[in-house]
Structure formats: C-alpha cells, structure tokens
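Asker: This is upload26.txt, which holds compact mmCIF, C-alpha atoms:
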# COMPACT_ATOMS: atom_id res chain seq x y z
CA MET A 1 155.03 -34.11 45.39
CA GLN A 2 153.17 -37.37 45.77
CA SER A 3 152.59 -38.42 49.34
CA SER A 4 153.76 -41.75 50.70
CA ALA A 5 150.10 -42.71 51.19
CA LEU A 6 149.46 -42.03 47.52
CA MET A 7 152.43 -44.19 46.50
CA SER A 8 151.23 -47.01 48.74
CA MET A 9 147.71 -46.91 47.33
CA ARG A 10 149.05 -46.84 43.75
CA ASN A 11 150.68 -50.17 44.46
CA SER A 12 147.40 -51.62 45.74
CA THR A 13 145.83 -52.76 42.50
CA VAL A 14 142.49 -54.47 42.28
CA ASN A 15 142.59 -57.92 40.78
CA CYS A 16 139.10 -59.02 39.60
CA CYS A 17 140.16 -62.51 38.65
CA SER A 18 141.50 -63.78 41.94
CA SER A 19 140.36 -63.98 45.52
CA GLY A 20 142.11 -63.47 48.80
CA ARG A 21 143.00 -60.79 51.31
CA SER A 22 146.07 -58.61 51.63
CA LEU A 23 147.30 -56.64 54.59
CA ARG A 24 149.52 -53.60 53.99
CA ARG A 25 151.13 -51.17 56.36
CA SER A 26 150.16 -47.60 55.67
CA PRO A 27 153.06 -45.14 55.63
CA VAL A 28 150.78 -42.59 57.26
CA SER A 29 151.40 -42.55 61.03
CA GLY A 30 152.51 -46.19 60.86
CA VAL A 31 148.92 -47.39 61.01
CA ARG A 32 148.16 -50.66 59.23
CA SER A 33 145.76 -50.41 56.30
CA ILE A 34 142.63 -52.48 56.24
CA PRO A 35 142.79 -55.98 54.76
CA ARG A 36 141.70 -55.32 51.19
CA ARG A 37 139.35 -57.84 49.59
CA ARG A 38 140.20 -58.80 46.07
CA LEU A 39 137.11 -58.50 43.90
CA PRO A 40 135.61 -61.79 42.67
CA CYS A 41 135.47 -62.04 38.92
CA CYS A 42 132.11 -61.64 37.17
CA SER A 43 130.16 -61.43 40.41
CA SER A 44 127.01 -59.34 40.53
CA SER A 45 127.84 -58.51 44.15
CA SER A 46 131.28 -57.09 43.31
CA GLN A 47 130.05 -53.51 43.60
CA GLN A 48 128.93 -54.23 47.14
CA HIS A 49 132.36 -55.69 47.96
CA VAL A 50 134.03 -52.52 46.65
CA THR A 51 131.65 -50.33 48.64
CA ASP A 52 132.31 -52.33 51.82
CA ALA A 53 136.04 -51.93 51.32
CA PHE A 54 135.63 -48.20 50.72
CA MET A 55 133.65 -47.75 53.94
CA LEU A 56 136.35 -49.62 55.85
CA GLN A 57 138.97 -47.35 54.32
CA GLN A 58 136.97 -44.38 55.53
CA ASP A 59 136.83 -45.85 59.03
CA GLN A 60 140.63 -46.11 58.91
CA LEU A 61 140.85 -42.30 59.06
CA HIS A 62 139.69 -42.43 62.67
CA ASN A 63 142.82 -44.40 63.60
CA PHE A 64 145.14 -41.45 62.93
CA SER A 65 146.58 -39.88 66.04
CA SER A 66 146.04 -36.24 66.77
CA ALA A 67 149.71 -35.66 65.85
CA SER A 68 149.16 -36.84 62.28
CA SER A 69 149.67 -34.13 59.73
CA PHE A 70 146.68 -32.67 57.99
CA THR A 71 148.41 -33.21 54.63
CA SER A 72 148.79 -36.94 55.28
CA ARG A 73 145.14 -37.26 56.20
CA VAL A 74 144.01 -35.42 53.07
CA ALA A 75 146.30 -37.54 50.87
CA TYR A 76 144.99 -40.76 52.41
CA GLU A 77 141.34 -39.74 52.00
CA HIS A 78 141.86 -38.51 48.43
CA GLU A 79 143.56 -41.72 47.37
CA THR A 80 140.83 -43.82 49.01
CA HIS A 81 138.20 -42.06 46.90
CA GLU A 82 140.35 -42.47 43.81
CA TRP A 83 140.82 -46.19 44.46
CA TYR A 84 137.09 -46.62 45.02
CA GLY A 85 136.24 -44.99 41.68
CA GLU A 86 138.80 -47.02 39.75
CA ALA A 87 137.67 -50.27 41.38
CA LEU A 88 134.01 -49.63 40.60
CA ASN A 89 134.82 -48.83 36.98
CA SER A 90 136.76 -52.07 36.71
CA VAL A 91 133.93 -54.09 38.23
CA ASN A 92 131.35 -52.42 36.00
CA ARG A 93 133.37 -53.21 32.88
CA THR A 94 133.76 -56.83 33.95
CA TYR A 95 130.07 -57.14 34.90
CA ASP A 96 128.92 -55.57 31.60
CA ASP A 97 131.12 -57.96 29.62
CA GLU A 98 129.77 -60.94 31.54
CA GLU A 99 126.18 -59.74 31.22
CA GLY A 100 126.63 -59.51 27.45
CA ALA A 101 128.06 -63.02 27.38
CA ILE A 102 125.07 -64.32 29.36
CA GLU A 103 122.66 -62.67 26.94
CA ARG A 104 124.50 -64.16 23.96
CA ARG A 105 124.42 -67.62 25.52
CA ALA A 106 120.70 -67.24 26.31
CA ALA A 107 119.99 -66.23 22.70
CA VAL A 108 121.84 -69.30 21.39
CA PHE A 109 120.05 -71.54 23.88
CA SER A 110 116.66 -70.08 22.99
CA SER A 111 117.20 -70.54 19.26
CA ALA A 112 118.30 -74.13 19.80
CA ARG A 113 115.26 -75.17 21.84
CA ALA A 114 112.96 -77.74 20.36
CA PRO A 115 109.57 -76.36 19.31
CA GLY A 116 106.88 -76.85 21.93
CA PRO A 117 104.10 -75.12 23.89
CA SER A 118 106.56 -73.08 25.99
CA ASN A 119 107.92 -71.47 22.79
CA ARG A 120 104.54 -70.03 21.89
CA LYS A 121 103.54 -66.52 22.79
CA LEU A 122 101.82 -66.23 26.14
CA LYS A 123 98.41 -64.63 26.25
CA TYR A 124 98.69 -64.05 29.99
CA GLU A 125 102.09 -63.22 31.50
CA THR A 126 100.87 -62.74 35.09
CA VAL A 127 98.26 -65.12 36.46
CA MET A 128 96.40 -65.55 39.70
CA LEU A 129 95.87 -69.25 40.36
CA LYS A 130 93.19 -70.14 42.89
CA VAL A 131 93.58 -73.71 44.14
CA SER A 132 90.68 -75.05 46.15
CA GLY A 133 91.40 -76.98 49.32
CA GLU A 134 88.88 -79.65 48.37
CA ALA A 135 90.79 -80.33 45.15
CA LEU A 136 93.99 -80.83 47.14
CA GLN A 137 92.48 -83.61 49.23
CA GLY A 138 92.00 -85.72 46.12
CA LYS A 139 89.87 -88.79 46.78
CA GLY A 140 90.41 -88.58 50.51
CA ASP A 141 88.04 -87.15 53.07
CA PHE A 142 90.50 -84.88 54.86
CA GLY A 143 93.92 -83.27 54.47
CA VAL A 144 96.18 -83.32 51.42
CA ASP A 145 96.74 -86.03 48.86
CA PRO A 146 100.53 -85.94 48.19
CA THR A 147 99.99 -87.10 44.60
CA VAL A 148 97.60 -84.22 43.91
CA MET A 149 99.91 -81.71 45.60
CA ARG A 150 102.82 -82.93 43.49
CA SER A 151 100.69 -82.67 40.35
CA VAL A 152 99.73 -79.07 41.14
CA ALA A 153 103.38 -78.20 41.83
CA GLU A 154 104.42 -79.66 38.48
CA GLU A 155 101.74 -77.61 36.69
CA VAL A 156 102.98 -74.43 38.37
CA SER A 157 106.57 -75.39 37.56
CA GLY A 158 105.60 -75.62 33.89
CA LEU A 159 104.12 -72.13 34.04
CA VAL A 160 107.23 -70.65 35.63
CA LYS A 161 109.54 -72.30 33.09
CA ALA A 162 107.38 -70.87 30.30
CA GLY A 163 107.99 -67.37 31.70
CA VAL A 164 104.67 -66.83 33.48
CA LYS A 165 104.59 -64.84 36.73
CA VAL A 166 102.48 -66.94 39.11
CA ALA A 167 100.58 -65.81 42.20
CA ILE A 168 98.57 -68.42 44.09
CA VAL A 169 95.78 -68.35 46.64
CA VAL A 170 94.91 -71.66 48.28
CA GLY A 171 91.69 -72.57 50.02
CA GLY A 172 91.40 -74.50 53.27
CA GLY A 173 88.25 -76.56 52.78
CA ASN A 174 90.19 -79.80 53.01
CA TYR A 175 90.83 -79.02 56.69
CA PHE A 176 88.15 -76.61 57.86
CA ARG A 177 85.49 -74.40 56.34
CA GLY A 178 84.26 -71.46 58.40
CA ALA A 179 80.84 -71.41 56.75
CA ASN A 180 80.21 -74.98 57.95
CA ALA A 181 81.19 -74.42 61.58
CA TRP A 182 79.37 -76.37 64.22
CA GLN A 183 76.63 -74.79 66.30
CA GLY A 184 78.02 -72.73 69.13
CA LEU A 185 81.20 -71.65 67.33
CA GLU A 186 81.06 -67.99 66.38
CA ARG A 187 81.31 -67.42 62.62
CA ALA A 188 84.20 -64.96 62.93
CA THR A 189 86.20 -67.44 65.01
CA ALA A 190 85.41 -70.21 62.55
CA ASP A 191 86.66 -68.06 59.68
CA TYR A 192 89.95 -67.43 61.49
CA VAL A 193 90.38 -71.17 61.91
CA GLY A 194 89.75 -71.53 58.18
CA MET A 195 92.47 -68.92 57.50
CA LEU A 196 94.96 -71.03 59.45
CA ALA A 197 93.95 -74.01 57.32
CA THR A 198 94.87 -72.07 54.16
CA VAL A 199 98.31 -71.36 55.62
CA MET A 200 98.83 -75.08 56.21
CA ASN A 201 98.09 -75.71 52.54
CA ALA A 202 100.27 -72.78 51.44
CA LEU A 203 103.30 -74.10 53.33
CA GLN A 204 102.85 -77.59 51.90
CA LEU A 205 102.54 -76.23 48.37
CA GLN A 206 105.67 -74.15 48.94
CA GLY A 207 107.53 -77.28 49.97
CA ALA A 208 106.31 -79.16 46.90
CA LEU A 209 107.38 -76.34 44.58
CA GLU A 210 110.80 -75.91 46.14
CA SER A 211 111.42 -79.65 45.84
CA LEU A 212 111.14 -79.03 42.08
CA GLY A 213 113.60 -76.15 42.23
CA ILE A 214 110.99 -73.36 42.02
CA ASP A 215 111.82 -70.36 44.22
CA THR A 216 108.69 -69.66 46.27
CA ARG A 217 107.52 -67.21 48.93
CA VAL A 218 104.49 -67.48 51.22
CA GLN A 219 102.84 -64.26 52.37
CA THR A 220 100.04 -64.26 54.93
CA ALA A 221 97.39 -61.67 55.67
CA ILE A 222 97.77 -62.51 59.38
CA GLU A 223 101.33 -62.08 60.58
CA MET A 224 103.19 -65.26 61.50
CA ARG A 225 106.76 -64.23 60.77
CA GLU A 226 108.33 -67.47 61.93
CA VAL A 227 106.81 -69.37 58.99
CA ALA A 228 105.95 -66.78 56.33
CA GLU A 229 106.33 -63.18 55.24
CA PRO A 230 103.58 -60.71 56.12
CA TYR A 231 101.59 -59.59 53.09
CA ILE A 232 103.10 -56.44 51.59
CA ARG A 233 101.86 -55.63 48.11
CA ARG A 234 105.05 -54.02 46.80
CA ARG A 235 107.15 -56.90 48.11
CA ALA A 236 104.82 -59.42 46.48
CA VAL A 237 105.10 -57.61 43.15
CA ALA A 238 108.89 -57.53 43.50
CA HIS A 239 108.95 -61.29 44.11
CA LEU A 240 106.86 -61.87 40.99
CA GLN A 241 109.11 -59.63 38.91
CA ALA A 242 112.10 -61.64 40.15
CA GLY A 243 110.52 -64.85 38.86
CA ARG A 244 109.42 -66.23 42.22
CA VAL A 245 106.07 -67.87 42.86
CA VAL A 246 104.10 -66.06 45.58
CA ILE A 247 101.52 -67.99 47.60
CA PHE A 248 99.03 -65.92 49.59
CA GLY A 249 97.69 -67.50 52.76
CA ALA A 250 95.11 -66.54 55.41
CA GLY A 251 92.66 -65.12 52.89
CA THR A 252 92.11 -61.39 53.26
CA GLY A 253 92.85 -61.56 56.99
CA ASN A 254 89.23 -60.69 57.75
CA PRO A 255 86.29 -62.96 58.59
CA PHE A 256 83.21 -63.21 56.36
CA PHE A 257 85.30 -63.12 53.17
CA THR A 258 85.94 -66.22 51.06
CA THR A 259 89.26 -67.27 49.62
CA ASP A 260 87.76 -66.61 46.16
CA THR A 261 87.33 -62.99 47.20
CA ALA A 262 90.88 -62.97 48.56
CA ALA A 263 92.17 -64.30 45.24
CA ALA A 264 90.23 -61.67 43.27
CA LEU A 265 91.54 -58.94 45.57
CA ARG A 266 95.16 -60.10 45.32
CA ALA A 267 94.79 -60.49 41.54
CA ALA A 268 93.83 -56.84 41.28
CA GLU A 269 96.62 -55.77 43.63
CA VAL A 270 99.43 -57.56 41.77
CA ASN A 271 98.00 -56.65 38.33
CA ALA A 272 97.25 -60.23 37.31
CA GLU A 273 95.88 -60.53 33.79
CA VAL A 274 93.68 -63.54 34.48
CA PHE A 275 92.09 -65.35 37.42
CA ILE A 276 92.42 -69.12 36.97
CA LYS A 277 90.21 -71.11 39.29
CA ALA A 278 91.60 -74.64 39.44
CA THR A 279 88.98 -77.15 40.57
CA LYS A 280 88.07 -80.82 40.19
CA VAL A 281 85.66 -80.14 37.30
CA ASP A 282 86.50 -79.01 33.77
CA GLY A 283 84.39 -75.85 33.69
CA ILE A 284 81.09 -74.29 34.67
CA TYR A 285 77.85 -76.28 34.30
CA ASP A 286 74.21 -75.33 34.67
CA CYS A 287 73.96 -77.90 37.47
CA ASP A 288 76.21 -80.28 39.34
CA PRO A 289 77.77 -82.62 36.72
CA VAL A 290 78.52 -85.20 39.41
CA LYS A 291 74.85 -85.55 40.30
CA ASN A 292 73.45 -84.96 36.81
CA PRO A 293 75.29 -86.59 33.87
CA HIS A 294 73.20 -84.47 31.46
CA ALA A 295 74.46 -81.17 32.89
CA LYS A 296 75.24 -78.55 30.25
CA LYS A 297 78.75 -77.10 30.14
CA TYR A 298 79.35 -73.44 29.24
CA ASN A 299 82.35 -72.40 27.16
CA LYS A 300 81.83 -68.67 27.75
CA LEU A 301 79.81 -66.70 30.25
CA SER A 302 79.31 -63.09 31.21
CA TYR A 303 79.75 -61.83 34.74
CA ARG A 304 76.03 -60.98 34.78
CA GLN A 305 75.04 -64.51 33.82
CA CYS A 306 77.07 -65.95 36.67
CA THR A 307 75.21 -63.75 39.12
CA ASN A 308 71.73 -63.87 37.63
CA ASP A 309 71.68 -67.61 36.94
CA SER A 310 73.13 -68.46 40.38
CA LEU A 311 75.77 -70.65 38.81
CA ARG A 312 77.85 -70.62 41.99
CA VAL A 313 81.14 -70.07 40.17
CA MET A 314 82.35 -67.78 42.94
CA ASP A 315 80.68 -65.56 45.48
CA GLU A 316 79.27 -62.27 44.22
CA THR A 317 81.95 -60.19 45.90
CA ALA A 318 84.70 -62.03 44.00
CA ILE A 319 82.80 -61.79 40.71
CA THR A 320 82.26 -58.06 41.22
CA LEU A 321 85.97 -57.48 41.97
CA CYS A 322 86.95 -59.28 38.78
CA LYS A 323 84.37 -57.41 36.74
CA GLU A 324 85.32 -53.97 38.04
CA ASN A 325 89.01 -54.64 37.41
CA ASN A 326 88.42 -56.31 34.03
CA ILE A 327 90.04 -59.60 35.09
CA PRO A 328 88.74 -62.60 33.13
CA VAL A 329 88.00 -65.76 35.10
CA LEU A 330 88.94 -69.21 33.81
CA VAL A 331 87.48 -72.27 35.52
CA LEU A 332 89.25 -75.52 34.65
CA ASN A 333 90.21 -78.96 35.87
CA MET A 334 93.65 -78.69 37.49
CA LEU A 335 94.08 -82.48 37.55
CA GLU A 336 94.30 -82.69 33.75
CA LYS A 337 97.99 -82.33 32.90
CA GLY A 338 98.96 -79.21 30.96
CA ASN A 339 95.58 -77.49 31.38
CA ILE A 340 96.89 -74.46 33.24
CA LEU A 341 99.71 -73.81 30.77
CA ARG A 342 97.33 -74.15 27.83
CA ALA A 343 95.07 -71.59 29.48
CA ALA A 344 98.02 -69.18 29.89
CA LEU A 345 98.78 -69.64 26.18
CA GLY A 346 95.21 -68.64 25.32
CA GLU A 347 93.82 -72.01 24.28
CA GLN A 348 90.18 -72.85 24.91
CA VAL A 349 90.25 -74.68 28.23
CA GLY A 350 87.36 -74.97 30.66
CA THR A 351 84.99 -72.02 30.90
CA VAL A 352 85.90 -68.34 30.56
CA VAL A 353 83.97 -65.55 32.29
CA CYS A 354 84.81 -62.13 30.89
CA GLU A 355 83.61 -58.63 30.10
CA GLN A 356 83.87 -59.22 26.35
CA CYS A 357 81.49 -62.17 26.64
CA GLU A 358 79.01 -59.88 28.32
CA GLU A 359 79.35 -57.23 25.61
CA GLU A 360 78.81 -59.86 22.91
CA GLY A 361 75.76 -61.14 24.73
CA MET A 362 77.11 -64.67 25.00
Would you mind writing the structure in this file as structure tokens?

Answerer:
Amino acid sequence: MQSSALMSMRNSTVNCCSSGRSLRRSPVSGVRSIPRRRLPCCSSSSQQHVTDAFMLQQDQLHNFSSASSFTSRVAYEHETHEWYGEALNSVNRTYDDEEGAIERRAAVFSSARAPGPSNRKLKYETVMLKVSGEALQGKGDFGVDPTVMRSVAEEVSGLVKAGVKVAIVVGGGNYFRGANAWQGLERATADYVGMLATVMNALQLQGALESLGIDTRVQTAIEMREVAEPYIRRRAVAHLQAGRVVIFGAGTGNPFFTTDTAAALRAAEVNAEVFIKATKVDGIYDCDPVKNPHAKKYNKLSYRQCTNDSLRVMDETAITLCKENNIPVLVLNMLEKGNILRAALGEQVGTVVCEQCEEEGM
C-alpha cells in the first residue's frame, strides 16, 4: 500500500521550464514540506539547485515528532531519494540537450567566420607575457601612460579571443626599481618596494582588460587578499583553463630576484609554451639601438650566446630557468599592433632565443 507521503511526493513534479516556489503540506505528522524550487531550464547550476532541495528535504525529517510512525518516516525518506534521482535525470537530459545545441551553434558560427589571423592554427596555446614597467610609462618619466596600457590590453584581448591562454608578469620599473635604490636603503627593502610597484601595475592592467570584457585575475606572491588572490599554482592553472587571464604580481615574493626571473619561474609552473618579453624595442641587438643606429639585430639566438655575449636580454637566472625547462624566449616590440598575436601564431617577430637555435649553432 502506498503511503500518503508517497502519494504527495508523486504529485510534486519537477518543471524545468518554469520558475517559482511551491509550498505543500506533508500528510506525514501534519508537518509542512519545504518550499520546493522549480528547476530553471537549461541552467548549468540546475544540479546544484536539485541537490540543495534534496538536502532541505533531508532536514525535514528532523521535524517529525517522536510519535511519528517509523513507516511514515521511511516512506518520506524513500520518496525524497526517489524524487532527487528523477529530478537529476531530468536536469541532466535538459543540460545535455542544451550543451549539444550550443556546440552546434558554435560549429555554425565558426564555419561562418571570415578568414583572418585568428582562424589560423596557433603555434603556442599557452603563453607567458612579460610586460616591462618602463614600457608601460610610454614617453613619460614616471607612472603609466593610459594609451600604452590600453594598447597592451587590446593586444592581450586579441590573444584571448584567438583561444590563447595568457599569463602575465608585469615589472615595476616605471615606479621603483630595487636595484637602483638610493644609498642608505637596504637592498632587500628596496626590492620589496619594487614588488609593490608591480602590484600597482597588475591592478591597472586588470582594470584595462576587464573594461574590454576580458575576465582577469591578479595573483600576488605576497598576500594582500583585499586586492588580489594569493598565488596558488593549481588555482592559477584552473583560471587559465577556464579562459581567464592571470596576472602575477609581486615577483617571486623574495628579494634579489628580478621580475624576468619571476616570469620564467611562473612560465615553468603553469606549463607555458613560450616566454614573450614585450619591450619598447623590436628584438635583441648587439648594442643599444637607441644610442647606436648601426646596431645589429639578431633574428635567432641560443641561450649560450645570450649569456656569453652579455646581450642583457634577461638576467642569467631567468635564462637558465627557460633553458632547463625548454621554454623559448621571444623578445618583441609590444607597441606594434598585432605583434604578440603574430608571435603566438608562429610568425617571425622580433628575436627568438631557443634550444633548437643552440643545437643548430645559430
């Protein structure tokens, strides 16, 4: 014989195409049932709604008086489990149907897109972009040039829309550089000040990206939870997999290490396929091209050449990290529109430093 609780629950059907709340009186001990949420149609969070409702149904069992019959309690609990299973199956069917529709629409959209650079196959799907603080200040002597910041944000936006996972490390030389601290200021303290400068740049870049609709997270090696997430490698990787841009601030969190080293370290940690160093010059030269108009530009270099010839691409610690983890380094001019995306597509842009170049003796 079917219990009254079972009959009541049979009448409580789940409607996935409407919203609202219903309140029913349970025939068991005269206790009112929980307000049941109707499941929103085609919502990826529908399973959570069903689970929440199920847990509330379970809590309802505690409202039975001690005089309630054991049979009534068992019937109520059994029907709750049955309703939960049926509801989840319904949601899963609806979600699967909607997911298939989304995939079909995406396929149609993709096939209808006009041919362009973003349709080409990416050579690098995960990139570490190092943006120097000095480049961000543009033609000014201090701080950030809003035009340059906007330009960098647009370049990163282009990468994201092309399907590239983007991690960024920003320098702080436009505000403060620990290596150039005044006499009397301890080097370690100066480096900490420089780390705070990188966070200032990171937050501004985050704002510029989000103004373009790019979901962005800032993670800092020194905890400052009110303004940014603490650096957690697995969380950073999860953000990248979800299509978010992750900006790393505060360097490595330790003094005596440059932001180039921090970028190389983070590149290895998040499995970046290339280290792109975005600067104000279009590659690596044998001397300063600003001071010497006859400076020779390199198209390819080996890690050993960078070290032996003192080309000052990056510090030796950063170069060594890239070499040991087989991460090629691309040095390019970030102010030239489209440069970073062309580099991700594998075009010859700027100067490349790689292990293959070393093996070929170039």

Asker: Distance atom CA of A:Leu345-atom CA of A:Cys287, one decimal place?

Answerer: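 So the answer is 28.5 Å.
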
Asker: Between atom CA of A:Lys300 and atom CA of A:Lys161, what is the distance in Å, rounded to a tenth?

Answerer: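 Between atom CA of A:Lys300 and atom CA of A:Lys161 the gap works out to 28.5 Å.
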
Asker: Using all atoms listed in the file, collect all residues at a distance of at most 6 Å from (99.7, -66.1, 35.4) as written in the file, then present them as a ChimeraX atom specification.

Answerer: /A:124-128,164-166

Asker: Give the answer as one residue: which of A:Phe275, A:Phe256, A:Tyr298, A:Trp182 has the shortest atom-to-atom distance to A:Val131, using only C-alpha atoms?

Answerer: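 Using only C-alpha atoms, the shortest distance to A:Val131 belongs to A:Phe275.
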
Asker: Using all atoms listed in the file, pick whichever of A:Thr258, A:Ser157, A:Asn174, A:Asn299 has the shortest atom-to-atom distance to A:Asp141.

Answerer: A:Asn174

Asker: Which is closest to A:Ile222 among A:Gly163, A:Ala278, A:Ala250, A:Leu301, if we use all atoms listed in the file?

Answerer: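 That would be A:Ala250, the residue with the smallest distance to A:Ile222.
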
Asker: Could you work out how far atom CA of A:Val274 lies from atom CA of A:Ile327, giving the answer in Å with one decimal?

Answerer: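 Between atom CA of A:Ile327 and atom CA of A:Val274 the gap works out to 5.4 Å.
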
Asker: Choose the residue, out of A:Glu155, A:Glu223, A:Asp309, A:Glu186, that has the smallest atom-to-atom separation from A:Pro255; count all atoms listed in the file.

Answerer: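 The answer is A:Glu186, which sits nearest to A:Pro255.
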
Asker: Kindly extract all protein, DNA and RNA residues lying within 8 Å of the coordinates (104.4, -57.8, 37.6) given in the file, considering all atoms listed in the file, and supply them as number ranges by chain.

Answerer: A: 126, 165, 237-238, 240-241, 270-272

Asker: Just checking: using all atoms listed in the file, which residue out of A:Leu122, A:Ala262, A:Ile340, A:Ala179 ends up closest to A:Val156?

Answerer: A:Ile340

Asker: Reconstruct stretch 260-270 of chain A at the level of all heavy atoms, and format the result as a PDB file, in the coordinates of the input.

Answerer:
ATOM      1  N   ASP A 260      87.976 -67.095  47.535  1.00  0.00           N
ATOM      2  CA  ASP A 260      87.760 -66.610  46.160  1.00  0.00           C
ATOM      3  C   ASP A 260      87.850 -65.090  46.125  1.00  0.00           C
ATOM      4  O   ASP A 260      88.453 -64.510  45.217  1.00  0.00           O
ATOM      5  CB  ASP A 260      86.401 -67.066  45.638  1.00  0.00           C
ATOM      6  CG  ASP A 260      86.388 -68.522  45.219  1.00  0.00           C
ATOM      7  OD1 ASP A 260      87.488 -69.092  45.038  1.00  0.00           O
ATOM      8  OD2 ASP A 260      85.294 -69.095  45.066  1.00  0.00           O
ATOM      9  N   THR A 261      87.243 -64.448  47.112  1.00  0.00           N
ATOM     10  CA  THR A 261      87.330 -62.990  47.200  1.00  0.00           C
ATOM     11  C   THR A 261      88.767 -62.556  47.449  1.00  0.00           C
ATOM     12  O   THR A 261      89.243 -61.573  46.866  1.00  0.00           O
ATOM     13  CB  THR A 261      86.415 -62.470  48.323  1.00  0.00           C
ATOM     14  OG1 THR A 261      85.046 -62.800  48.021  1.00  0.00           O
ATOM     15  CG2 THR A 261      86.537 -60.968  48.481  1.00  0.00           C
ATOM     16  N   ALA A 262      89.472 -63.289  48.307  1.00  0.00           N
ATOM     17  CA  ALA A 262      90.880 -62.970  48.560  1.00  0.00           C
ATOM     18  C   ALA A 262      91.695 -63.087  47.286  1.00  0.00           C
ATOM     19  O   ALA A 262      92.554 -62.236  47.001  1.00  0.00           O
ATOM     20  CB  ALA A 262      91.440 -63.912  49.637  1.00  0.00           C
ATOM     21  N   ALA A 263      91.434 -64.119  46.491  1.00  0.00           N
ATOM     22  CA  ALA A 263      92.170 -64.300  45.240  1.00  0.00           C
ATOM     23  C   ALA A 263      91.865 -63.179  44.256  1.00  0.00           C
ATOM     24  O   ALA A 263      92.763 -62.676  43.572  1.00  0.00           O
ATOM     25  CB  ALA A 263      91.820 -65.658  44.627  1.00  0.00           C
ATOM     26  N   ALA A 264      90.592 -62.772  44.166  1.00  0.00           N
ATOM     27  CA  ALA A 264      90.230 -61.670  43.270  1.00  0.00           C
ATOM     28  C   ALA A 264      90.886 -60.371  43.719  1.00  0.00           C
ATOM     29  O   ALA A 264      91.370 -59.581  42.892  1.00  0.00           O
ATOM     30  CB  ALA A 264      88.711 -61.518  43.229  1.00  0.00           C
ATOM     31  N   LEU A 265      90.913 -60.148  45.030  1.00  0.00           N
ATOM     32  CA  LEU A 265      91.540 -58.940  45.570  1.00  0.00           C
ATOM     33  C   LEU A 265      93.042 -58.931  45.275  1.00  0.00           C
ATOM     34  O   LEU A 265      93.592 -57.924  44.788  1.00  0.00           O
ATOM     35  CB  LEU A 265      91.296 -58.867  47.074  1.00  0.00           C
ATOM     36  CG  LEU A 265      91.969 -57.713  47.833  1.00  0.00           C
ATOM     37  CD1 LEU A 265      91.462 -56.378  47.332  1.00  0.00           C
ATOM     38  CD2 LEU A 265      91.730 -57.857  49.332  1.00  0.00           C
ATOM     39  N   ARG A 266      93.721 -60.029  45.562  1.00  0.00           N
ATOM     40  CA  ARG A 266      95.160 -60.100  45.320  1.00  0.00           C
ATOM     41  C   ARG A 266      95.463 -60.006  43.814  1.00  0.00           C
ATOM     42  O   ARG A 266      96.478 -59.431  43.411  1.00  0.00           O
ATOM     43  CB  ARG A 266      95.735 -61.396  45.880  1.00  0.00           C
ATOM     44  CG  ARG A 266      95.595 -61.531  47.393  1.00  0.00           C
ATOM     45  CD  ARG A 266      96.472 -60.561  48.146  1.00  0.00           C
ATOM     46  NE  ARG A 266      96.364 -60.775  49.583  1.00  0.00           N
ATOM     47  CZ  ARG A 266      95.805 -59.925  50.430  1.00  0.00           C
ATOM     48  NH1 ARG A 266      95.297 -58.783  49.980  1.00  0.00           N
ATOM     49  NH2 ARG A 266      95.753 -60.193  51.729  1.00  0.00           N
ATOM     50  N   ALA A 267      94.597 -60.581  42.988  1.00  0.00           N
ATOM     51  CA  ALA A 267      94.790 -60.490  41.540  1.00  0.00           C
ATOM     52  C   ALA A 267      94.797 -59.037  41.089  1.00  0.00           C
ATOM     53  O   ALA A 267      95.634 -58.629  40.265  1.00  0.00           O
ATOM     54  CB  ALA A 267      93.700 -61.280  40.810  1.00  0.00           C
ATOM     55  N   ALA A 268      93.864 -58.255  41.626  1.00  0.00           N
ATOM     56  CA  ALA A 268      93.830 -56.840  41.280  1.00  0.00           C
ATOM     57  C   ALA A 268      95.051 -56.099  41.813  1.00  0.00           C
ATOM     58  O   ALA A 268      95.607 -55.228  41.141  1.00  0.00           O
ATOM     59  CB  ALA A 268      92.543 -56.206  41.825  1.00  0.00           C
ATOM     60  N   GLU A 269      95.497 -56.470  43.008  1.00  0.00           N
ATOM     61  CA  GLU A 269      96.620 -55.770  43.630  1.00  0.00           C
ATOM     62  C   GLU A 269      97.945 -56.028  42.919  1.00  0.00           C
ATOM     63  O   GLU A 269      98.792 -55.132  42.835  1.00  0.00           O
ATOM     64  CB  GLU A 269      96.729 -56.178  45.097  1.00  0.00           C
ATOM     65  CG  GLU A 269      95.614 -55.611  45.969  1.00  0.00           C
ATOM     66  CD  GLU A 269      95.753 -56.014  47.420  1.00  0.00           C
ATOM     67  OE1 GLU A 269      95.860 -57.223  47.693  1.00  0.00           O
ATOM     68  OE2 GLU A 269      95.762 -55.115  48.278  1.00  0.00           O
ATOM     69  N   VAL A 270      98.156 -57.241  42.426  1.00  0.00           N
ATOM     70  CA  VAL A 270      99.430 -57.560  41.770  1.00  0.00           C
ATOM     71  C   VAL A 270      99.316 -57.448  40.246  1.00  0.00           C
ATOM     72  O   VAL A 270     100.224 -57.851  39.521  1.00  0.00           O
ATOM     73  CB  VAL A 270      99.929 -58.963  42.152  1.00  0.00           C
ATOM     74  CG1 VAL A 270     100.101 -59.085  43.651  1.00  0.00           C
ATOM     75  CG2 VAL A 270      99.006 -60.065  41.623  1.00  0.00           C
TER      76      VAL A 270
END
